[in-house]
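Participant: my_file.cif (mmCIF, C-alpha atoms) pasted underneath:
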data_input
#
loop_
_atom_site.label_atom_id
_atom_site.label_comp_id
_atom_site.auth_asym_id
_atom_site.auth_seq_id
_atom_site.Cartn_x
_atom_site.Cartn_y
_atom_site.Cartn_z
CA MET L 1 116.27 124.04 138.54
CA ILE L 2 114.74 122.73 141.77
CA CYS L 3 114.98 119.10 142.91
CA ARG L 4 112.43 117.33 145.14
CA ARG L 5 112.02 113.75 146.38
CA TRP L 6 108.71 112.09 145.52
CA ASN L 7 107.96 108.35 145.78
CA ASP L 8 111.68 107.53 145.53
CA PHE L 9 112.04 109.66 142.38
CA CYS L 10 114.16 112.78 142.17
CA LEU L 11 111.89 115.24 140.41
CA CYS L 12 113.49 118.28 138.82
CA ALA L 13 111.50 121.30 137.63
CA ALA L 14 111.91 125.00 136.98
CA HIS L 15 108.81 126.02 138.96
CA GLU L 16 107.61 125.10 142.44
CA GLU L 17 104.00 124.71 141.27
CA ASP L 18 104.98 121.76 139.04
CA PHE L 19 105.79 119.48 141.99
CA PRO L 20 103.23 117.18 143.67
CA ALA L 21 102.07 118.58 147.02
CA ASP L 22 103.88 115.87 149.00
CA ALA L 23 107.30 116.27 147.29
CA GLN L 24 110.13 116.93 149.76
CA ALA L 25 113.32 118.98 149.49
CA VAL L 26 116.66 117.24 148.84
CA CYS L 27 120.25 118.42 149.01
CA ALA L 28 121.51 116.80 145.79
CA PRO L 29 120.12 114.98 142.74
CA PHE L 30 119.82 111.19 142.82
CA ALA L 31 118.63 108.47 140.47
CA PRO L 32 116.10 108.01 139.03
CA LEU L 33 116.10 111.65 137.95
CA VAL L 34 112.92 112.94 136.26
CA PHE L 35 112.69 116.34 134.59
CA LEU L 36 109.17 117.80 134.72
CA VAL L 37 108.16 119.86 131.68
CA ARG L 38 104.98 121.33 130.22
CA ARG L 39 104.67 121.00 126.45
CA ARG L 40 101.67 120.96 124.15
CA ALA L 41 100.21 117.48 124.67
CA GLU L 42 98.64 117.05 121.24
CA THR L 43 101.97 117.31 119.40
CA SER L 44 104.65 116.55 122.02
CA ARG L 45 106.08 113.47 123.64
CA GLY L 46 104.90 112.36 127.08
CA MET L 47 107.70 110.41 128.74
CA PHE L 48 111.07 109.58 127.23
CA ALA L 49 114.66 108.84 128.20
CA ILE L 50 117.62 111.16 127.66
CA ARG L 51 121.33 110.44 127.78
CA SER L 52 122.60 114.03 127.90
CA LEU L 53 121.26 117.21 129.45
CA GLU L 54 121.21 118.85 126.03
CA GLU L 55 118.46 116.46 124.88
CA LEU L 56 116.14 118.03 127.45
CA PHE L 57 116.21 121.33 125.55
CA GLU L 58 116.24 120.22 121.89
CA GLN L 59 113.29 121.01 119.66
CA GLU L 60 111.21 117.95 118.89
CA SER L 61 111.62 116.95 115.23
CA VAL L 62 113.21 114.23 113.11
CA ASP L 63 116.54 115.80 114.11
CA CYS L 64 116.08 113.77 117.30
CA LEU L 65 117.28 110.79 115.21
CA ARG L 66 120.72 112.42 115.02
CA PRO L 67 123.17 113.22 117.85
CA CYS L 68 121.83 116.16 119.84
CA ARG L 69 122.99 119.57 118.65
CA ALA L 70 121.11 121.65 121.22
CA GLY L 71 122.77 123.55 124.02
CA ALA L 72 121.88 123.64 127.71
CA PRO L 73 121.46 126.87 129.70
CA GLY L 74 124.39 127.67 131.95
CA SER L 75 122.09 127.71 134.98
CA VAL L 76 121.66 123.92 134.87
CA ARG L 77 125.14 122.86 133.82
CA GLU L 78 125.75 121.31 137.25
CA LEU L 79 123.27 118.55 136.27
CA ALA L 80 125.08 117.68 133.03
CA ALA L 81 127.59 115.29 134.59
CA PHE L 82 124.85 113.54 136.57
CA VAL L 83 122.69 112.98 133.46
CA ALA L 84 125.72 111.80 131.47
CA GLY L 85 126.51 109.24 134.15
CA HIS L 86 123.01 108.06 135.09
CA GLY L 87 120.65 109.13 132.31
CA ALA L 88 117.28 110.70 133.11
CA THR L 89 113.59 110.78 132.22
CA VAL L 90 111.61 113.68 130.76
CA LEU L 91 107.94 113.75 131.85
CA ASN L 92 105.34 116.04 130.29
CA LEU L 93 102.88 117.18 132.97
CA GLU L 94 100.36 118.34 130.38
CA PHE L 95 99.17 114.71 130.35
CA GLN L 96 96.79 114.11 133.23
CA ASN L 97 98.08 110.57 133.81
CA ALA L 98 101.78 111.50 133.60
CA LEU L 99 102.74 110.84 137.23
CA CYS L 100 100.63 107.66 137.38
CA TYR L 101 102.32 106.33 134.26
CA LEU L 102 105.75 107.25 135.63
CA ARG L 103 105.18 105.07 138.69
CA ALA L 104 103.62 102.24 136.67
CA HIS L 105 106.46 102.18 134.15
CA PHE L 106 109.20 102.00 136.77
CA ALA L 107 107.30 99.34 138.75
CA ALA L 108 106.50 97.17 135.73
CA ASN L 109 107.74 93.59 135.58
CA ARG L 110 110.04 92.68 132.70
CA THR L 111 109.21 88.96 132.87
CA GLY L 112 105.99 87.05 133.40
CA LEU L 113 104.19 89.50 131.12
CA ARG L 114 100.49 89.23 130.31
CA VAL L 115 99.53 89.92 126.70
CA THR L 116 96.08 90.52 125.22
CA LEU L 117 95.76 89.88 121.49
CA VAL L 118 92.66 91.12 119.66
CA GLY L 119 91.92 89.66 116.23
CA LEU L 120 92.57 86.08 115.15
CA GLY L 121 92.61 86.47 111.39
CA ASP L 122 95.60 85.53 109.25
CA VAL L 123 97.91 88.10 110.84
CA GLY L 124 96.61 87.58 114.37
CA GLY L 125 96.98 83.81 114.16
CA THR L 126 100.55 84.18 112.90
CA VAL L 127 101.42 86.67 115.67
CA LEU L 128 99.90 84.38 118.28
CA THR L 129 101.85 81.35 117.05
CA GLY L 130 105.10 83.34 117.00
CA LEU L 131 104.58 84.63 120.54
CA LYS L 132 103.68 81.16 121.78
CA LEU L 133 106.91 79.68 120.41
CA LEU L 134 109.30 82.58 121.12
CA GLY L 135 107.83 84.45 124.08
CA ARG L 136 109.97 83.34 126.99
CA GLU L 137 109.09 86.60 128.82
CA LEU L 138 105.37 85.89 128.58
CA ALA L 139 103.33 84.12 131.21
CA GLU L 140 99.98 84.33 129.46
CA ILE L 141 98.59 85.26 126.05
CA ARG L 142 94.93 86.23 126.30
CA ILE L 143 92.98 86.14 123.05
CA PHE L 144 89.81 87.92 121.96
CA ASP L 145 87.87 87.71 118.71
CA PRO L 146 84.18 88.02 117.83
CA ASN L 147 84.45 84.53 116.37
CA ARG L 148 84.27 82.55 119.60
CA ALA L 149 84.88 79.25 117.80
CA MET L 150 88.20 80.68 116.55
CA CYS L 151 89.14 81.57 120.12
CA ALA L 152 88.26 78.08 121.31
CA ARG L 153 90.25 76.51 118.49
CA TYR L 154 93.45 78.47 119.26
CA GLU L 155 93.09 77.94 123.01
CA MET L 156 92.75 74.23 122.47
CA GLU L 157 95.49 73.74 119.87
CA LEU L 158 98.20 76.03 121.22
CA ASN L 159 97.86 74.66 124.74
CA GLN L 160 98.61 71.25 123.24
CA VAL L 161 102.10 72.30 122.13
CA LEU L 162 104.95 70.47 123.87
CA PRO L 163 107.69 72.31 125.81
CA ASP L 164 110.55 73.34 123.53
CA ALA L 165 113.78 71.35 122.98
CA ASP L 166 115.26 72.84 126.19
CA GLY L 167 112.22 71.85 128.22
CA ARG L 168 110.94 75.41 128.54
CA VAL L 169 107.21 75.57 129.13
CA MET L 170 105.64 78.03 126.73
CA PRO L 171 103.13 80.73 127.72
CA ARG L 172 99.57 79.52 128.23
CA VAL L 173 96.83 80.76 125.93
CA THR L 174 93.51 81.80 127.48
CA VAL L 175 90.30 83.27 126.12
CA CYS L 176 89.60 86.82 127.30
CA SER L 177 86.32 88.68 127.77
CA GLU L 178 85.89 92.22 126.43
CA GLU L 179 85.51 93.52 129.99
CA ALA L 180 89.02 92.34 130.89
CA LEU L 181 90.86 93.30 127.69
CA PHE L 182 93.16 95.83 129.34
CA ASP L 183 94.07 93.75 132.38
CA CYS L 184 97.49 93.17 130.82
CA ASP L 185 100.95 94.59 130.18
CA LEU L 186 100.82 94.54 126.37
CA PHE L 187 97.69 95.00 124.29
CA LEU L 188 98.10 93.81 120.67
CA PHE L 189 95.58 94.89 118.07
CA THR L 190 95.59 92.93 114.79
CA ALA L 191 91.90 93.06 113.85
CA SER L 192 91.18 94.53 110.43
CA ARG L 193 88.26 95.35 108.19
CA GLY L 194 87.99 96.00 104.49
CA VAL L 195 91.11 94.17 103.30
CA PRO L 196 91.00 94.37 99.47
CA GLY L 197 90.66 91.01 97.75
CA LEU L 198 93.46 89.45 95.74
CA GLY L 199 91.89 90.51 92.45
CA SER L 200 90.90 94.04 93.49
CA GLY L 201 93.78 95.78 91.71
CA VAL L 202 94.27 98.14 94.66
CA ARG L 203 97.88 99.37 94.71
CA ASP L 204 98.03 100.78 98.23
CA VAL L 205 96.28 98.01 100.12
CA ARG L 206 97.22 99.43 103.51
CA MET L 207 95.66 102.86 103.09
CA ALA L 208 92.51 101.29 101.62
CA GLN L 209 91.83 99.91 105.11
CA TYR L 210 92.21 103.21 106.94
CA GLU L 211 88.61 104.40 107.34
CA ALA L 212 87.17 101.02 108.36
CA ASN L 213 89.96 100.25 110.80
CA ARG L 214 89.95 103.76 112.28
CA ALA L 215 86.27 103.45 113.17
CA MET L 216 86.82 100.05 114.77
CA LEU L 217 89.89 101.19 116.72
CA ALA L 218 88.10 104.15 118.28
CA HIS L 219 86.11 101.73 120.44
CA TYR L 220 89.24 100.09 121.84
CA ALA L 221 91.00 103.41 122.37
CA ARG L 222 88.07 104.56 124.51
CA LEU L 223 88.13 101.29 126.44
CA ALA L 224 91.82 101.86 127.19
CA ARG L 225 90.98 105.36 128.44
CA THR L 226 88.15 104.11 130.66
CA ALA L 227 90.36 101.36 132.09
CA ARG L 228 93.16 103.87 132.78
CA PHE L 229 95.46 101.43 131.00
CA MET L 230 99.11 101.82 132.00
CA GLY L 231 100.62 99.27 129.63
CA LEU L 232 101.54 99.46 125.94
CA PHE L 233 99.00 99.52 123.10
CA CYS L 234 100.68 97.76 120.14
CA GLN L 235 98.99 98.70 116.86
CA ILE L 236 99.58 96.04 114.19
CA SER L 237 96.75 96.32 111.64
CA ASP L 238 97.23 98.65 108.67
CA PRO L 239 97.93 101.45 108.05
CA VAL L 240 100.04 101.08 111.18
CA ASP L 241 101.52 104.57 111.52
CA HIS L 242 98.29 106.46 110.85
CA LEU L 243 96.23 104.21 113.11
CA SER L 244 98.74 104.54 115.95
CA ARG L 245 98.15 108.30 115.90
CA CYS L 246 94.39 107.69 115.82
CA VAL L 247 94.57 105.47 118.93
CA PHE L 248 96.47 108.18 120.80
CA LEU L 249 94.05 110.93 119.75
CA GLN L 250 90.88 108.92 120.38
CA SER L 251 91.99 107.88 123.86
CA ASN L 252 92.59 111.54 124.74
CA ARG L 253 89.18 112.89 123.71
CA ASP L 254 86.28 113.44 126.09
CA GLU L 255 82.61 112.70 125.44
CA THR L 256 82.30 115.83 123.27
CA GLY L 257 85.32 114.93 121.14
CA ALA L 258 87.55 117.61 122.65
CA PHE L 259 91.21 116.74 123.26
CA ASP L 260 91.79 116.71 127.04
CA ALA L 261 95.08 114.75 127.48
CA ALA L 262 93.38 112.38 129.94
CA GLY L 263 94.07 109.15 128.08
CA LEU L 264 97.15 107.28 126.92
CA LEU L 265 100.52 109.00 126.86
CA PRO L 266 102.02 109.02 123.34
CA GLU L 267 104.67 106.45 124.31
CA GLN L 268 101.94 104.03 125.43
CA VAL L 269 101.09 103.53 121.76
CA GLN L 270 103.52 102.04 119.29
CA GLY L 271 103.00 100.86 115.73
CA PHE L 272 104.49 97.61 114.45
CA GLY L 273 104.87 97.53 110.69
CA LEU L 274 108.45 98.55 109.98
CA GLY L 275 110.14 95.28 110.98
CA VAL L 276 109.01 93.45 107.88
CA MET L 277 110.19 96.34 105.71
CA ALA L 278 113.68 95.96 107.17
CA ALA L 279 113.51 92.22 106.47
CA ARG L 280 112.23 92.75 102.93
CA ALA L 281 114.91 95.32 102.19
CA ALA L 282 117.60 92.91 103.39
CA TYR L 283 116.07 90.12 101.31
CA TYR L 284 116.10 92.12 98.07
CA ALA L 285 119.54 93.57 98.81
CA GLY L 286 120.84 90.03 99.08
CA LYS L 287 119.21 89.12 95.76
CA ALA L 288 120.87 92.14 94.12
CA GLY L 289 124.27 91.64 95.73
CA VAL L 290 123.98 94.92 97.69
CA ASP L 291 125.77 95.16 101.03
CA PHE L 292 122.98 95.86 103.53
CA GLN L 293 124.96 95.28 106.72
CA ASN L 294 124.54 98.97 107.58
CA GLY L 295 121.15 99.29 105.93
CA ARG L 296 118.39 101.38 107.48
CA VAL L 297 114.62 101.75 107.14
CA TYR L 298 112.53 104.72 108.27
CA GLY L 299 109.03 106.08 108.04
CA PRO L 300 105.64 104.48 107.39
CA HIS L 301 104.86 100.88 106.58
CA GLY L 302 103.93 101.42 102.93
CA GLU L 303 103.73 104.62 100.90
CA GLY L 304 106.43 106.97 102.19
CA LEU L 305 108.78 104.18 103.28
CA ILE L 306 112.49 105.01 103.19
CA VAL L 307 115.16 102.36 102.70
CA ALA L 308 118.82 103.36 102.78
CA ASN L 309 121.86 101.21 102.12
CA SER L 310 123.61 103.28 104.80
CA ALA L 311 122.75 106.30 106.95
CA GLY L 312 126.15 107.97 106.71
CA ARG L 313 128.74 108.84 104.10
CA ASP L 314 128.28 105.57 102.19
CA TYR L 315 124.65 106.42 101.39
CA ASP L 316 123.86 105.70 97.72
CA ALA L 317 120.71 107.47 96.58
CA ALA L 318 120.06 105.35 93.48
CA VAL L 319 120.57 102.02 95.24
CA SER L 320 118.47 103.17 98.19
CA GLN L 321 115.59 104.32 96.00
CA HIS L 322 115.61 100.98 94.18
CA LEU L 323 115.55 99.00 97.44
CA THR L 324 112.79 101.27 98.74
CA GLU L 325 110.56 100.43 95.80
CA LEU L 326 111.26 96.71 96.07
CA ALA L 327 110.52 96.61 99.80
CA ARG L 328 107.45 98.84 99.53
CA THR L 329 105.82 96.67 96.87
CA ALA L 330 106.97 93.27 98.15
CA ASN L 331 103.47 92.48 99.38
CA LEU L 332 102.20 92.79 95.80
CA ARG L 333 104.65 90.13 94.66
CA VAL L 334 103.08 87.66 97.10
CA ARG L 335 99.59 88.67 95.99
CA GLU L 336 100.61 88.01 92.37
CA LEU L 337 101.24 84.40 93.41
CA GLY L 338 97.68 84.17 94.68
CA PHE L 339 98.35 84.52 98.41
CA LYS L 340 97.80 87.16 101.07
CA PRO L 341 101.14 88.40 102.45
CA TYR L 342 100.76 87.94 106.21
CA LEU L 343 103.46 85.49 107.36
CA ALA L 344 106.47 87.80 107.21
CA PRO L 345 104.56 90.82 108.62
CA GLY L 346 103.08 88.79 111.46
CA LEU L 347 106.49 87.47 112.48
CA SER L 348 108.94 90.28 111.62
CA SER L 349 106.85 93.37 112.31
CA ALA L 350 104.85 92.03 115.22
CA ALA L 351 105.94 88.92 117.13
CA ILE L 352 109.72 89.38 116.90
CA SER L 353 109.70 93.18 117.16
CA ILE L 354 107.34 93.18 120.15
CA LEU L 355 109.47 90.61 121.97
CA ARG L 356 112.56 92.71 121.30
CA LEU L 357 110.73 95.66 122.80
CA ALA L 358 109.79 93.61 125.87
CA ARG L 359 113.44 92.60 126.28
CA GLY L 360 114.62 96.21 126.11
CA GLN L 361 116.36 95.58 122.80
CA ALA L 362 116.58 97.85 119.76
CA HIS L 363 113.64 97.21 117.45
CA HIS L 364 111.75 98.73 114.54
CA GLY L 365 108.51 100.52 115.37
CA ALA L 366 106.45 103.67 114.82
CA VAL L 367 106.96 105.95 117.81
CA PRO L 368 105.63 109.44 118.69
CA LEU L 369 107.70 112.27 117.30
CA ALA L 370 106.52 115.87 116.80
CA GLY L 371 102.86 115.20 116.11
CA ALA L 372 103.18 111.94 114.14
CA TYR L 373 104.08 108.30 114.65
CA PHE L 374 107.29 107.74 112.76
CA GLY L 375 109.02 104.44 111.99
CA CYS L 376 112.59 104.16 113.25
CA VAL L 377 114.75 102.15 115.65
CA SER L 378 114.14 102.70 119.35
CA ARG L 379 114.48 100.91 122.66
CA MET L 380 112.23 100.78 125.70
CA THR L 381 114.38 101.37 128.77
CA ARG L 382 113.58 101.65 132.45
CA GLN L 383 113.79 105.43 132.05
CA GLY L 384 111.42 105.49 129.08
CA LEU L 385 111.49 105.28 125.31
CA MET L 386 114.94 105.98 123.85
CA LEU L 387 115.47 106.81 120.18
CA SER L 388 118.45 105.38 118.32
CA ARG L 389 120.65 108.32 117.26
CA GLU L 390 123.39 108.41 114.65
CA GLU L 391 124.87 110.71 112.05
CA ILE L 392 122.61 110.86 108.99
CA CYS L 393 123.77 112.34 105.71
CA PRO L 394 121.88 115.47 104.50
CA GLN L 395 120.40 113.81 101.40
CA LEU L 396 118.87 111.00 103.44
CA MET L 397 117.79 113.44 106.15
CA ALA L 398 115.78 115.36 103.55
CA ARG L 399 113.90 112.18 102.63
CA ILE L 400 113.21 111.45 106.30
CA ALA L 401 111.92 114.98 106.90
CA GLY L 402 109.60 114.71 103.90
CA ALA L 403 108.12 111.40 105.06
CA HIS L 404 107.60 112.80 108.56
CA ARG L 405 105.95 115.93 107.21
CA ALA L 406 103.45 113.85 105.20
CA LEU L 407 102.50 111.87 108.32
CA ARG L 408 102.19 115.02 110.42
CA GLU L 409 99.94 116.74 107.86
CA PHE L 410 97.65 113.74 107.32
CA ASP L 411 93.99 114.32 108.22
CA TYR L 412 93.42 112.13 111.30
CA ARG L 413 89.76 113.05 111.83
#
Starting from the coordinates I provided, produce the structure as structure tokens.
Facilitator:
Amino acid sequence: MICRRWNDFCLCAAHEEDFPADAQAVCAPFAPLVFLVRRRAETSRGMFAIRSLEELFEQESVDCLRPCRAGAPGSVRELAAFVAGHGATVLNLEFQNALCYLRAHFAANRTGLRVTLVGLGDVGGTVLTGLKLLGRELAEIRIFDPNRAMCARYEMELNQVLPDADGRVMPRVTVCSEEALFDCDLFLFTASRGVPGLGSGVRDVRMAQYEANRAMLAHYARLARTARFMGLFCQISDPVDHLSRCVFLQSNRDETGAFDAAGLLPEQVQGFGLGVMAARAAYYAGKAGVDFQNGRVYGPHGEGLIVANSAGRDYDAAVSQHLTELARTANLRVRELGFKPYLAPGLSSAAISILRLARGQAHHGAVPLAGAYFGCVSRMTRQGLMLSREEICPQLMARIAGAHRALREFDYR
């Protein structure tokens, strides 16, 4: 492979034509090291972190959740020690904004973040309150909702909250115009249409919202494209995993509807619905006396969810299936009491998980993987999105592969 210096990055590619025109020759690799690749944009990742050279060559699938089993060609083995010691970034040049996003990501501030939150319904109000109280990294939370009185109410009340017990001043809340929605680091979408009523009898409440929310989201995805947004689009309204894929696809379609890879990179969209499933699984495990210290959750927020008491040799299929059903239907238990279940999702899936992401900590979220957004544990690092990898027993791996296949084959029109 060839290495070139460009804007203080060490770019590494197999072909000269992949380098920017102003890239310069170097004698040896240096950090940050970025491998330039060309992979089908519609079903491949855009920018992600690797910890070993072998990860550069592995086929993209749910096997990326396990330790890498791929091999590296002998012609690049001299880079293996460097990647093992420093890590590296993989950047897919099939995305038109790839190099722009690379620079923006490495230059991004990790504190003093600006957040835009769209939608001040039950979930949005809970997310906003959680971020106000917990968001020490945030400088400003900008709110937008068609109900302008609701915006005024939250701006007024949340700016009347005292500093916390340590004297820390909390982020200010401001009202945002639609024209300035994407002038931020994190864009949070909680707005929702068509939520079934408490007496509707609908079993899969999340999927019942898909068509209405997809149509509404398309507008915001196109706004992100027009604004050349370089931050993170956090999809919170249901069905999280399916709508995350819709945001990515809609932002990458031109005026005719053709996919042109000129919008958001896949890693610029992340779905936030899995956190509450982890919390619900732990809650019910505690009720049943099941040790969930090594528990795991994967897949979509709702139908297709996978809960496991353990990923490795202690995996118990019967216990895991029982916990899966309890966690998946936990929202119905709240509805049976006569309430909408939005407190735990707003805090666990959204506010807490998004702040963990901002802090570079491991968190639950739906991330791009082989043509679908799949719920797992990941971490946003300076070098890009990094998946959590561990040994997973074959029986559990089969469940994970099945859930991923269903998401990949879903009709996202």
Participant: Let me make sure I understand: among L:Leu369, L:Met1, L:Gln321, L:Ala258, which one has the smallest atom-to-atom distance to Arg45 of chain L if we use only C-alpha atoms?
Facilitator: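 Looking at the shortest contact to Arg45 of chain L, the residue is L:Leu369.
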Participant: Skipping near chain neighbours, those fewer than 6 positions away, what residues fall within 8 Å of segment 33-41 of chain L using only C-alpha atoms, listed as a ChimeraX atom specification?
Facilitator: /L:9-13,18,87-95,261
Participant: If we count all atoms listed in the file and set the cut-off at 8 Å, which residues sit around segment 387-401 of chain L, ignoring sequence neighbours fewer than 6 positions away in its own chain? Please answer as an mmCIF file with C-alpha atoms, in the frame of the given file.
Facilitator:
data_model
loop_
_atom_site.group_PDB
_atom_site.id
_atom_site.type_symbol
_atom_site.label_atom_id
_atom_site.label_comp_id
_atom_site.auth_asym_id
_atom_site.auth_seq_id
_atom_site.Cartn_x
_atom_site.Cartn_y
_atom_site.Cartn_z
ATOM 1 C CA VAL L 62 113.210 114.230 113.110
ATOM 2 C CA CYS L 64 116.080 113.770 117.300
ATOM 3 C CA LEU L 65 117.280 110.790 115.210
ATOM 4 C CA ARG L 66 120.720 112.420 115.020
ATOM 5 C CA PRO L 67 123.170 113.220 117.850
ATOM 6 C CA TYR L 298 112.530 104.720 108.270
ATOM 7 C CA GLY L 299 109.030 106.080 108.040
ATOM 8 C CA ILE L 306 112.490 105.010 103.190
ATOM 9 C CA ALA L 308 118.820 103.360 102.780
ATOM 10 C CA ALA L 311 122.750 106.300 106.950
ATOM 11 C CA GLY L 312 126.150 107.970 106.710
ATOM 12 C CA ARG L 313 128.740 108.840 104.100
ATOM 13 C CA TYR L 315 124.650 106.420 101.390
ATOM 14 C CA ALA L 317 120.710 107.470 96.580
ATOM 15 C CA ALA L 362 116.580 97.850 119.760
ATOM 16 C CA CYS L 376 112.590 104.160 113.250
ATOM 17 C CA VAL L 377 114.750 102.150 115.650
ATOM 18 C CA SER L 378 114.140 102.700 119.350
ATOM 19 C CA ARG L 379 114.480 100.910 122.660
#
Participant: I'd like the residues picked by the PyMOL selection byres ((chain L and resi 380) around 8) written out as a PyMOL selection string, using the chain letters and numbers from the file.
Facilitator: chain L and resi 357-358+360-362+378-379+381-382+384-386
Participant: I'd like to know which of L:Arg222, L:His404, L:His105, L:Lys340 is closest to Leu305 of chain L, using only C-alpha atoms.
Facilitator: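 That would be L:His404, the residue with the smallest distance to Leu305 of chain L.
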Participant: Around (96.4, 101.4, 107.8), as given in the file, which residues come within 10 Å? Count only C-alpha atoms and list them as a PyMOL selection string.
Facilitator: chain L and resi 192+204-214+235-244+273+300-302
Participant: Export C-alpha atoms of the chosen residues as a PDB file, keeping the file's coordinate frame?
Facilitator:
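Wrote again.pdb, looks like this:
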ATOM      1  CA  SER L 192      91.180  94.530 110.430  1.00  0.00           C
ATOM      2  CA  ASP L 204      98.030 100.780  98.230  1.00  0.00           C
ATOM      3  CA  VAL L 205      96.280  98.010 100.120  1.00  0.00           C
ATOM      4  CA  ARG L 206      97.220  99.430 103.510  1.00  0.00           C
ATOM      5  CA  MET L 207      95.660 102.860 103.090  1.00  0.00           C
ATOM      6  CA  ALA L 208      92.510 101.290 101.620  1.00  0.00           C
ATOM      7  CA  GLN L 209      91.830  99.910 105.110  1.00  0.00           C
ATOM      8  CA  TYR L 210      92.210 103.210 106.940  1.00  0.00           C
ATOM      9  CA  GLU L 211      88.610 104.400 107.340  1.00  0.00           C
ATOM     10  CA  ALA L 212      87.170 101.020 108.360  1.00  0.00           C
ATOM     11  CA  ASN L 213      89.960 100.250 110.800  1.00  0.00           C
ATOM     12  CA  ARG L 214      89.950 103.760 112.280  1.00  0.00           C
ATOM     13  CA  GLN L 235      98.990  98.700 116.860  1.00  0.00           C
ATOM     14  CA  ILE L 236      99.580  96.040 114.190  1.00  0.00           C
ATOM     15  CA  SER L 237      96.750  96.320 111.640  1.00  0.00           C
ATOM     16  CA  ASP L 238      97.230  98.650 108.670  1.00  0.00           C
ATOM     17  CA  PRO L 239      97.930 101.450 108.050  1.00  0.00           C
ATOM     18  CA  VAL L 240     100.040 101.080 111.180  1.00  0.00           C
ATOM     19  CA  ASP L 241     101.520 104.570 111.520  1.00  0.00           C
ATOM     20  CA  HIS L 242      98.290 106.460 110.850  1.00  0.00           C
ATOM     21  CA  LEU L 243      96.230 104.210 113.110  1.00  0.00           C
ATOM     22  CA  SER L 244      98.740 104.540 115.950  1.00  0.00           C
ATOM     23  CA  GLY L 273     104.870  97.530 110.690  1.00  0.00           C
ATOM     24  CA  PRO L 300     105.640 104.480 107.390  1.00  0.00           C
ATOM     25  CA  HIS L 301     104.860 100.880 106.580  1.00  0.00           C
ATOM     26  CA  GLY L 302     103.930 101.420 102.930  1.00  0.00           C
TER      27      GLY L 302
END
Participant: List the residues selected by the PyMOL selection byres ((chain L and resi 266) around 9) in the file shown, writing them as a list in words.
Facilitator: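 Expected selection for the PyMOL selection byres ((chain L and resi 266) around 9) here is Ala41, Glu42, Ser44, Arg45, Gly46, Met47, Arg245, Phe248, Leu249, Leu264, Leu265, Glu267, Gln268, Val269, Gln270, Val367, Pro368, Leu369 and Tyr373 of chain L.
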Participant: Would you export the selected residues with C-alpha atoms as a JSON list (two decimals), keeping the file's coordinate frame, please?
Facilitator:
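Saved result, out_21.json, follows:
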[["chain", "number", "residue", "atom", "x", "y", "z"],
["L", 41, "ALA", "CA", 100.21, 117.48, 124.67],
["L", 42, "GLU", "CA", 98.64, 117.05, 121.24],
["L", 44, "SER", "CA", 104.65, 116.55, 122.02],
["L", 45, "ARG", "CA", 106.08, 113.47, 123.64],
["L", 46, "GLY", "CA", 104.90, 112.36, 127.08],
["L", 47, "MET", "CA", 107.70, 110.41, 128.74],
["L", 245, "ARG", "CA", 98.15, 108.30, 115.90],
["L", 248, "PHE", "CA", 96.47, 108.18, 120.80],
["L", 249, "LEU", "CA", 94.05, 110.93, 119.75],
["L", 264, "LEU", "CA", 97.15, 107.28, 126.92],
["L", 265, "LEU", "CA", 100.52, 109.00, 126.86],
["L", 267, "GLU", "CA", 104.67, 106.45, 124.31],
["L", 268, "GLN", "CA", 101.94, 104.03, 125.43],
["L", 269, "VAL", "CA", 101.09, 103.53, 121.76],
["L", 270, "GLN", "CA", 103.52, 102.04, 119.29],
["L", 367, "VAL", "CA", 106.96, 105.95, 117.81],
["L", 368, "PRO", "CA", 105.63, 109.44, 118.69],
["L", 369, "LEU", "CA", 107.70, 112.27, 117.30],
["L", 373, "TYR", "CA", 104.08, 108.30, 114.65]]
Participant: So how many Å separate atom CA of Cys3 of chain L and atom CA of Val26 of chain L, to one decimal?
Facilitator: 6.4 Å
Participant: Find, counting all atoms listed in the file, the residue in L:Ala403, L:Leu188, L:Met156, L:Leu56 that gets nearest to Ala70 of chain L.
Facilitator: L:Leu56
Participant: Starting from the displayed file, determine the output of the PyMOL selection byres ((chain L and resi 172) around 8) and express the residue list as number ranges by chain.
Facilitator: L: 132, 139-141, 158-159, 170-171, 173-174
Participant: Using all atoms listed in the file for the distances, tell me which of L:Ala344, L:Leu223, L:Glu409, L:Leu128 is nearest to Asn252 of chain L.
Facilitator: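 Looking at the shortest contact to Asn252 of chain L, the residue is L:Leu223.
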Participant: Please provide as a compact mmCIF listing (two decimals) with C-alpha atoms, keeping the file's coordinate frame all residues within 9 Å of Gly125 of chain L, with the sequence filter that same-chain residues fewer than 6 positions apart are discarded (counting all atoms listed in the file).
Facilitator:
# COMPACT_ATOMS: atom_id res chain seq x y z
CA GLY L 119 91.92 89.66 116.23
CA TYR L 154 93.45 78.47 119.26
CA GLY L 346 103.08 88.79 111.46
